[in-house]
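A.B. asks: To start, I am sharing the structure in question, which I have written as structure tokens.
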Amino acid sequence: GQPFAYRGRLLHPGFVEFHPWGPPGQDAGHVGTATAVPNQNHRGHARTLSGPPKAPPPAPTSDPYVRSDEGPAPRLFGRKGWGRCDHGVVIVDCGVYAEGERQDLPRDPETVAQAIDDDGASFGWVGLHEPTEDEMRRVQKLFNLHELAVEDALRAHERPKVERYGESIVVVLRTLWYVDANDAVETGQVSVFVGNRYVVTVRHGEGAALTTARQELEDRASVLGHGPPAVLWAICDSVVDGYEAVAEYVEIDVDEVESSVFSPAPTSDAERIYLLKREVLEMRRAVLPLREPMEAFAHGAVPLVSREAAPFFRDVADHVIRVSEQTEVLDTLLSSALNAHLARVSVQQNDDMRRISAWVAIAAVPTMLAGIYGMNFDNMPELRWYYGYYAVLTLMAIVCTAMYAGFRKAGWL
């Protein structure tokens, strides 16, 4: 067979052209060199037919896969060894850029690596989402990524940092997103490998999808013309914007807690305050370590970030400082709210104890009088007095009323 043409370029006969985001019933474009067979399952969408079910497709191979979940694309070309569209997403997007414009090339890492080797004026950006070790190793070989940095990217539990490995740098960012159902701040990770001619991003977690950042950067050719530093800036800006959004949600929760703590009705806010302090702690762990690296980027003190690209990081550095200060304020407010809540609980307990003590004192008077006249001694003149019973009842009532009035005036009742 002959390869089919794609805008002046020839693709390998092993390519499969499919529409992974097409509606059910839309057939594949081509399979190898042949036209797609209607109603046939080409590992994309196929029509639902009546009658006996077809035999299941062969089991997938153990090779890495190209997948996409971060937004539709017009076409996705899968190279042999990278194509499996029904098991989630590994390769989010791959692109080759020259002079601020995206080149019209197939979206797979091999094509990106070959293009930047053949053309000294372009660079590539490969985006991965939760790759397996085998998939990550394959990309490592294509772009000569450092072994230690690859291990950190696979673990996905690293502290935010910037490290230099020879002619490349690796930036690790913690991503944040807010879950309103349980007032929780969830965390993920983005590892950014930046070289002279490439950017490889490895994302873990559901937050901070980079598709929007890529699209906005592709619309700004003048910025994209700065090369890999522009991509690094767009990623950092997107992640830090996520920090600000999370901080706003947490601030709303803190305002609700403050209103509840100082409301007239009795409340139990200690548990929610503690949980919110843990979420703020997660924010601090993500934000505070970025202050120095962003300042270094903003002053062009990091390799691969030129003086021309450095000003773009000033706004990011300013946002990082602002969010870090906001997290400090939120933590202080929560600590103050917790102290106020505990003080209010203590005051409430004191009030309850005073009420109990007052009623016990009032009840002690009739108990004492009844105990005295209940001793049944013979030499007790009042026992034989005609008005003795009424006199004792009257004395009890007068003393208890006087004590109640005194406690009421003192605020105990």
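The chains in the structure tokens are called A, B, ... from first to last as shown; in each chain the residues are counted from 1, and the ligands are counted from 1 in the order shown.
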Write out as a ChimeraX atom specification each polymer residue whose atoms come within 9 Å of Ala234 of chain A, counting only C-alpha atoms; drop sequence neighbours fewer than 6 positions from it.
C.D. replies: /A:210,213-214,216-217
A.B. asks: As a list in words, please: the residues near segment 98-105 of chain A (cut-off 6 Å, only C-alpha atoms, same-chain neighbours under 5 positions excluded).
C.D. replies: Ser122, Ala221, Leu224 and Gly225 of chain A
A.B. asks: Which parts of segment 197-265 of chain A does DSSP call helix (DSSP H, G or I) when run on the backbone here, written out as JSON, numbers by chain?
C.D. replies: {"A": [211, 212, 213, 214, 215, 216, 217, 218, 221, 222, 223, 224, 228, 229, 230, 231, 232, 233, 234, 235, 236, 237, 238, 239, 240, 241, 242, 243, 244, 245, 246, 247, 248, 249, 250, 251, 252, 253, 254, 255, 256, 257, 258, 259, 260, 261]}
A.B. asks: Write out as a ChimeraX atom specification which residues come within 6 Å of segment 202-204 of chain A when counting only C-alpha atoms, dropping same-chain ones fewer than 4 positions away.
C.D. replies: /A:128-130,188-191
A.B. asks: Quote the spacing between atom CA of Thr111 of chain A and atom CA of Gly95 of chain A in Å to one decimal place.
C.D. replies: 8.9 Å
A.B. asks: Skip Ser168 of chain A itself and residues of its chain fewer than 6 positions away, then list as a compact mmCIF listing (two decimals) with N, CA and C atoms, in the first residue's frame all residues within 8 Å of it, counting only C-alpha atoms.
C.D. replies:
# COMPACT_ATOMS: atom_id res chain seq x y z
N PHE A 193 9.90 20.21 32.08
CA PHE A 193 11.27 20.03 31.60
C PHE A 193 11.51 21.07 30.49
N VAL A 194 12.46 21.93 30.69
CA VAL A 194 12.71 23.02 29.74
C VAL A 194 14.14 22.89 29.22
N GLY A 195 14.27 22.76 27.91
CA GLY A 195 15.56 22.76 27.25
C GLY A 195 15.64 23.87 26.23
N ASN A 196 16.73 23.94 25.50
CA ASN A 196 16.88 24.99 24.49
C ASN A 196 15.87 24.84 23.36
N PRO A 303 19.19 30.03 34.05
CA PRO A 303 19.54 29.67 32.67
C PRO A 303 18.30 29.38 31.84
N LEU A 304 18.38 29.67 30.57
CA LEU A 304 17.31 29.48 29.57
C LEU A 304 16.23 30.55 29.64
A.B. asks: When you look at segment 308-310 of chain A with a cut-off of 7 Å (counting only C-alpha atoms), what residues show up, excluding the ones that are within fewer than 5 positions of it in the same chain? I need them as a compact mmCIF listing (two decimals) with N, CA and C atoms, in the first residue's frame.
C.D. replies:
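Just written: around_15.txt:
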# COMPACT_ATOMS: atom_id res chain seq x y z
N HIS A 226 9.40 33.88 21.92
CA HIS A 226 10.52 33.80 22.86
C HIS A 226 10.96 32.36 23.10
N PRO A 229 11.05 29.58 27.13
CA PRO A 229 10.71 30.41 28.29
C PRO A 229 9.27 30.93 28.26
N ALA A 230 8.75 31.19 27.05
CA ALA A 230 7.36 31.64 26.95
C ALA A 230 6.40 30.55 27.41
N PHE A 297 13.32 34.09 38.14
CA PHE A 297 12.87 34.17 36.75
C PHE A 297 12.66 35.62 36.33
N ALA A 298 12.04 36.40 37.22
CA ALA A 298 11.72 37.79 36.89
C ALA A 298 12.97 38.63 36.67
N HIS A 299 14.09 38.25 37.26
CA HIS A 299 15.34 39.01 37.10
C HIS A 299 16.28 38.35 36.10
N GLY A 300 15.82 37.29 35.42
CA GLY A 300 16.65 36.65 34.42
C GLY A 300 17.87 35.96 35.00
A.B. asks: Which residues come within 12 Å of Ala149 of chain A, counting only C-alpha atoms, excluding same-chain residues fewer than 6 positions away, as a tab-separated table (two decimals) with all heavy atoms, in the first residue's frame?
C.D. replies:
chain	number	residue	atom	x	y	z
A	136	MET	N	6.94	7.24	30.18
A	136	MET	CA	7.85	8.34	30.52
A	136	MET	C	9.27	8.04	30.05
A	136	MET	O	9.99	8.94	29.58
A	136	MET	CB	7.82	8.56	32.04
A	136	MET	CG	8.51	9.83	32.49
A	136	MET	SD	7.64	11.29	31.88
A	136	MET	CE	8.96	12.51	31.95
A	137	ARG	N	9.69	6.80	30.13
A	137	ARG	CA	11.03	6.44	29.68
A	137	ARG	C	11.17	6.66	28.18
A	137	ARG	O	12.25	7.03	27.69
A	137	ARG	CB	11.33	4.99	30.03
A	137	ARG	CG	11.35	4.67	31.51
A	137	ARG	CD	12.40	5.46	32.24
A	137	ARG	NE	12.40	5.16	33.67
A	137	ARG	CZ	13.10	5.82	34.57
A	137	ARG	NH1	13.86	6.84	34.20
A	137	ARG	NH2	13.03	5.49	35.84
A	140	GLN	N	11.71	10.21	27.68
A	140	GLN	CA	13.05	10.54	28.18
A	140	GLN	C	14.11	10.29	27.13
A	140	GLN	O	15.03	11.10	26.94
A	140	GLN	CB	13.34	9.70	29.43
A	140	GLN	CG	14.74	9.91	29.99
A	140	GLN	CD	15.06	8.92	31.10
A	140	GLN	OE1	14.28	8.02	31.39
A	140	GLN	NE2	16.21	9.10	31.74
A	155	ARG	N	6.94	10.30	40.54
A	155	ARG	CA	6.47	10.14	41.91
A	155	ARG	C	5.30	11.06	42.23
A	155	ARG	O	4.41	10.70	42.99
A	155	ARG	CB	7.61	10.39	42.90
A	155	ARG	CG	8.52	9.19	43.08
A	155	ARG	CD	9.32	9.34	44.37
A	155	ARG	NE	10.24	10.46	44.32
A	155	ARG	CZ	11.53	10.34	43.98
A	155	ARG	NH1	12.02	9.16	43.64
A	155	ARG	NH2	12.31	11.40	43.97
A	156	ALA	N	5.31	12.26	41.70
A	156	ALA	CA	4.19	13.20	41.83
A	156	ALA	C	3.93	13.63	43.27
A	156	ALA	O	2.81	14.00	43.61
A	156	ALA	CB	2.91	12.61	41.24
A	158	GLU	N	6.41	15.74	44.95
A	158	GLU	CA	7.60	16.54	45.16
A	158	GLU	C	7.24	17.94	45.67
A	158	GLU	O	6.16	18.47	45.41
A	158	GLU	CB	8.40	16.66	43.86
A	158	GLU	CG	8.97	15.34	43.37
A	158	GLU	CD	9.97	14.75	44.33
A	158	GLU	OE1	10.84	15.50	44.82
A	158	GLU	OE2	9.88	13.54	44.60
A	161	LYS	N	9.93	23.33	43.28
A	161	LYS	CA	11.35	23.63	43.22
A	161	LYS	C	11.76	23.89	41.78
A	161	LYS	O	11.01	23.62	40.84
A	161	LYS	CB	12.18	22.46	43.77
A	161	LYS	CG	11.95	21.14	43.03
A	161	LYS	CD	12.68	19.99	43.68
A	161	LYS	CE	12.40	18.68	42.94
A	161	LYS	NZ	13.12	17.53	43.56
A	162	VAL	N	12.98	24.40	41.62
A	162	VAL	CA	13.61	24.59	40.32
A	162	VAL	C	15.00	23.97	40.40
A	162	VAL	O	15.78	24.32	41.31
A	162	VAL	CB	13.71	26.07	39.93
A	162	VAL	CG1	14.45	26.22	38.61
A	162	VAL	CG2	12.33	26.69	39.84
A	163	GLU	N	15.31	23.06	39.49
A	163	GLU	CA	16.61	22.40	39.48
A	163	GLU	C	17.21	22.48	38.09
A	163	GLU	O	16.49	22.45	37.09
A	163	GLU	CB	16.48	20.93	39.91
A	163	GLU	CG	16.07	20.75	41.37
A	163	GLU	CD	16.03	19.29	41.78
A	163	GLU	OE1	15.88	18.43	40.89
A	163	GLU	OE2	16.15	19.01	42.99
A	164	ARG	N	18.53	22.54	38.05
A	164	ARG	CA	19.24	22.62	36.78
A	164	ARG	C	19.99	21.31	36.54
A	164	ARG	O	20.65	20.78	37.43
A	164	ARG	CB	20.25	23.77	36.79
A	164	ARG	CG	21.03	23.91	35.49
A	164	ARG	CD	21.97	25.10	35.53
A	164	ARG	NE	22.71	25.23	34.29
A	164	ARG	CZ	23.62	26.18	34.06
A	164	ARG	NH1	23.88	27.08	35.00
A	164	ARG	NH2	24.26	26.23	32.91
A	165	TYR	N	19.82	20.78	35.34
A	165	TYR	CA	20.52	19.57	34.92
A	165	TYR	C	21.22	19.87	33.60
A	165	TYR	O	20.61	19.81	32.53
A	165	TYR	CB	19.54	18.41	34.73
A	165	TYR	CG	18.85	17.97	36.00
A	165	TYR	CD1	17.58	18.45	36.32
A	165	TYR	CD2	19.45	17.07	36.87
A	165	TYR	CE1	16.94	18.05	37.48
A	165	TYR	CE2	18.81	16.65	38.03
A	165	TYR	CZ	17.56	17.15	38.33
A	165	TYR	OH	16.93	16.75	39.47
A	166	GLY	N	22.51	20.23	33.68
A	166	GLY	CA	23.26	20.54	32.48
A	166	GLY	C	22.70	21.75	31.75
A	166	GLY	O	22.61	22.85	32.30
A	168	SER	N	19.61	22.09	30.76
A	168	SER	CA	18.15	22.16	30.92
A	168	SER	C	17.81	22.45	32.38
A	168	SER	O	18.65	22.29	33.28
A	168	SER	CB	17.49	20.83	30.49
A	168	SER	OG	17.90	19.78	31.34
A	169	ILE	N	16.57	22.88	32.61
A	169	ILE	CA	16.07	23.08	33.96
A	169	ILE	C	14.75	22.33	34.11
A	169	ILE	O	14.06	22.05	33.12
A	169	ILE	CB	15.85	24.58	34.28
A	169	ILE	CG1	14.80	25.19	33.34
A	169	ILE	CG2	17.14	25.35	34.23
A	169	ILE	CD1	14.42	26.62	33.71
A	170	VAL	N	14.43	21.99	35.35
A	170	VAL	CA	13.17	21.30	35.67
A	170	VAL	C	12.45	22.11	36.74
A	170	VAL	O	13.04	22.40	37.80
A	170	VAL	CB	13.41	19.87	36.16
A	170	VAL	CG1	12.08	19.20	36.52
A	170	VAL	CG2	14.14	19.05	35.10
A	171	VAL	N	11.23	22.49	36.46
A	171	VAL	CA	10.41	23.26	37.40
A	171	VAL	C	9.27	22.37	37.87
A	171	VAL	O	8.52	21.83	37.04
A	171	VAL	CB	9.86	24.54	36.74
A	171	VAL	CG1	9.03	25.35	37.74
A	171	VAL	CG2	10.99	25.38	36.17
A	172	VAL	N	9.14	22.22	39.17
A	172	VAL	CA	8.07	21.42	39.76
A	172	VAL	C	7.08	22.37	40.43
A	172	VAL	O	7.47	23.18	41.29
A	172	VAL	CB	8.61	20.40	40.77
A	172	VAL	CG1	7.46	19.61	41.41
A	172	VAL	CG2	9.59	19.45	40.10
A	191	SER	N	5.28	18.89	36.39
A	191	SER	CA	6.73	18.95	36.21
A	191	SER	C	7.01	19.46	34.81
A	191	SER	O	6.48	18.92	33.83
A	191	SER	CB	7.36	17.57	36.42
A	191	SER	OG	7.11	17.09	37.72
A	192	VAL	N	7.82	20.50	34.71
A	192	VAL	CA	8.12	21.14	33.43
A	192	VAL	C	9.60	20.97	33.12
A	192	VAL	O	10.46	21.50	33.83
A	192	VAL	CB	7.74	22.63	33.45
A	192	VAL	CG1	7.88	23.23	32.05
A	192	VAL	CG2	6.33	22.83	33.98
A	193	PHE	N	9.90	20.21	32.08
A	193	PHE	CA	11.27	20.03	31.60
A	193	PHE	C	11.51	21.07	30.49
A	193	PHE	O	10.81	21.05	29.48
A	193	PHE	CB	11.48	18.63	31.04
A	193	PHE	CG	11.29	17.52	32.05
A	193	PHE	CD1	10.02	17.10	32.40
A	193	PHE	CD2	12.39	16.92	32.64
A	193	PHE	CE1	9.84	16.07	33.32
A	193	PHE	CE2	12.21	15.89	33.56
A	193	PHE	CZ	10.94	15.47	33.90
A	194	VAL	N	12.46	21.93	30.69
A	194	VAL	CA	12.71	23.02	29.74
A	194	VAL	C	14.14	22.89	29.22
A	194	VAL	O	15.10	22.89	30.00
A	194	VAL	CB	12.50	24.39	30.40
A	194	VAL	CG1	12.69	25.50	29.36
A	194	VAL	CG2	11.13	24.49	31.03
A	200	VAL	N	8.72	19.71	27.96
A	200	VAL	CA	7.92	18.52	28.25
A	200	VAL	C	7.24	18.75	29.58
A	200	VAL	O	7.89	19.04	30.59
A	200	VAL	CB	8.80	17.26	28.32
A	200	VAL	CG1	7.95	16.04	28.72
A	200	VAL	CG2	9.48	17.01	26.98
A	201	THR	N	5.91	18.67	29.60
A	201	THR	CA	5.14	18.85	30.83
A	201	THR	C	4.53	17.52	31.23
A	201	THR	O	3.96	16.81	30.40
A	201	THR	CB	4.03	19.90	30.65
A	201	THR	OG1	3.18	19.52	29.56
A	201	THR	CG2	4.62	21.26	30.36
A	202	VAL	N	4.65	17.20	32.50
A	202	VAL	CA	4.09	15.97	33.07
A	202	VAL	C	3.15	16.39	34.19
A	202	VAL	O	3.59	16.92	35.22
A	202	VAL	CB	5.18	15.03	33.60
A	202	VAL	CG1	4.56	13.75	34.14
A	202	VAL	CG2	6.20	14.73	32.51
A.B. asks: Considering only C-alpha atoms, state which residue in the set A:Met283, A:Leu176, A:Val240, A:Ile372 is at the smallest distance from Phe313 of chain A.
C.D. replies: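 Checking each of A:Met283, A:Leu176, A:Val240, A:Ile372 against Phe313 of chain A, counting only C-alpha atoms, the winner is A:Val240.
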A.B. asks: Given the choices A:Val257, A:Ile116, A:Ala391, A:Leu342, which gets closest to Leu330 of chain A if the distance is worked out from only C-alpha atoms?
C.D. replies: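 With only C-alpha atoms as the atom set, the closest residue is A:Val257.
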